[in-house]
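Novice: Dumping the structure here so I can ask a few things about it.
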Amino acid sequence: MIANFLNTLLGLWLAYAAIFPDTLGKGHDGIVLIAAIGTVMLALWARRTDASTWQSTTTIVAGVFLVFLEMANQLMHVSDVLMFWGIFWAGLISATLSLWAALYRPSQVAAHAD
């Protein structure tokens with residue numbers, strides 16, 4: 001649950017970094033790459049306590065996509081538009097689904113009714 005809340009904050013920060021890239025300075029790409037790796041690691045940690053694992057799986061996929069996108073951007077220049085939308089959507093997807101996973105706890109009565 002804590003990992004999901006941390007991933008929510010990290011996802012919101014990624015969306016912020018996509019919208020305002022100049023506020024991060026020259027090391028923007030490296031910081032976003034570290035944040036993408038952190039997103040994957042936090043989602044793997046959160047997966048152990050999630051009631052349903054599809055949220056963390058989707059967050060892992062978004063994080064891995066962002067890692068590959070950032071590595072491609074560091075090796076060869078990737079379009080600024082693609083970088084904006086890639087960082088923005090990966091951040092929003094991870095933030096939304098991590099918050100959902102943190103707050104979604106099915107009741108024990110419903111689990112025993114089946």
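In the structure tokens, chains take letters A, B, ... by order of appearance, with residues numbered from 1 within each chain and ligands from 1 in the order shown.
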Determine, using only C-alpha atoms, which residues of region 65-88 of chain A have any atom at most 12 Å from an atom of region 3-14 of chain A, and tabulate each with its shortest atom pair and distance in Å to one decimal place, rows ordered by chain and then rising number, as a tab-separated table.
Specialist:
residue	atom	partner	partner_atom	distance
A:Leu66	CA	A:Leu14	CA	10.3
A:Met83	CA	A:Leu14	CA	11.5
A:Phe84	CA	A:Leu14	CA	10.1
A:Trp85	CA	A:Leu14	CA	10.9
A:Gly86	CA	A:Leu14	CA	10.0
A:Ile87	CA	A:Leu14	CA	6.3
A:Phe88	CA	A:Leu14	CA	6.5
Novice: Residues as selected, N, CA, C and O atoms, written as a CSV table (one decimal), in the first residue's frame, can you do that?
Specialist:
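The new file selection_7.csv reads:
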chain,number,residue,atom,x,y,z
A,66,LEU,N,8.7,3.5,-20.6
A,66,LEU,CA,9.3,4.8,-20.3
A,66,LEU,C,10.9,4.6,-20.2
A,66,LEU,O,11.6,5.4,-20.7
A,83,MET,N,8.5,12.3,-26.7
A,83,MET,CA,9.0,12.3,-25.4
A,83,MET,C,8.0,12.9,-24.4
A,83,MET,O,7.7,12.4,-23.3
A,84,PHE,N,7.4,14.0,-24.8
A,84,PHE,CA,6.4,14.6,-24.0
A,84,PHE,C,5.2,13.7,-23.7
A,84,PHE,O,4.9,13.4,-22.6
A,85,TRP,N,4.7,13.1,-24.8
A,85,TRP,CA,3.5,12.2,-24.6
A,85,TRP,C,3.9,10.9,-23.9
A,85,TRP,O,3.1,10.4,-23.1
A,86,GLY,N,5.0,10.4,-24.2
A,86,GLY,CA,5.5,9.2,-23.5
A,86,GLY,C,5.6,9.4,-22.0
A,86,GLY,O,5.1,8.6,-21.2
A,87,ILE,N,6.3,10.4,-21.6
A,87,ILE,CA,6.5,10.7,-20.2
A,87,ILE,C,5.2,11.1,-19.5
A,87,ILE,O,4.8,10.6,-18.4
A,88,PHE,N,4.4,11.9,-20.2
A,88,PHE,CA,3.1,12.3,-19.6
A,88,PHE,C,2.2,11.2,-19.4
A,88,PHE,O,1.6,11.0,-18.3
Novice: Counting only C-alpha atoms, what is within 8 Å of Ala46 (chain A), bar same-chain residues fewer than 4 positions away, as a PyMOL selection string?
Specialist: chain A and resi 1-4+42+50+56
Novice: Smallest atom-to-atom distance to Gly91 (chain A): which of A:Tyr104, A:Thr59, A:Ala51, A:Gly25, using only C-alpha atoms?
Specialist: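 Residue with the minimum atom-to-atom distance to Gly91 (chain A): A:Thr59.
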Novice: DSSP on the backbone, then: every residue of region 18-52 of chain A marked helix (DSSP H, G or I), written as a VMD selection string.
Specialist: chain A and resid 18 to 19 21 to 24 28 to 46
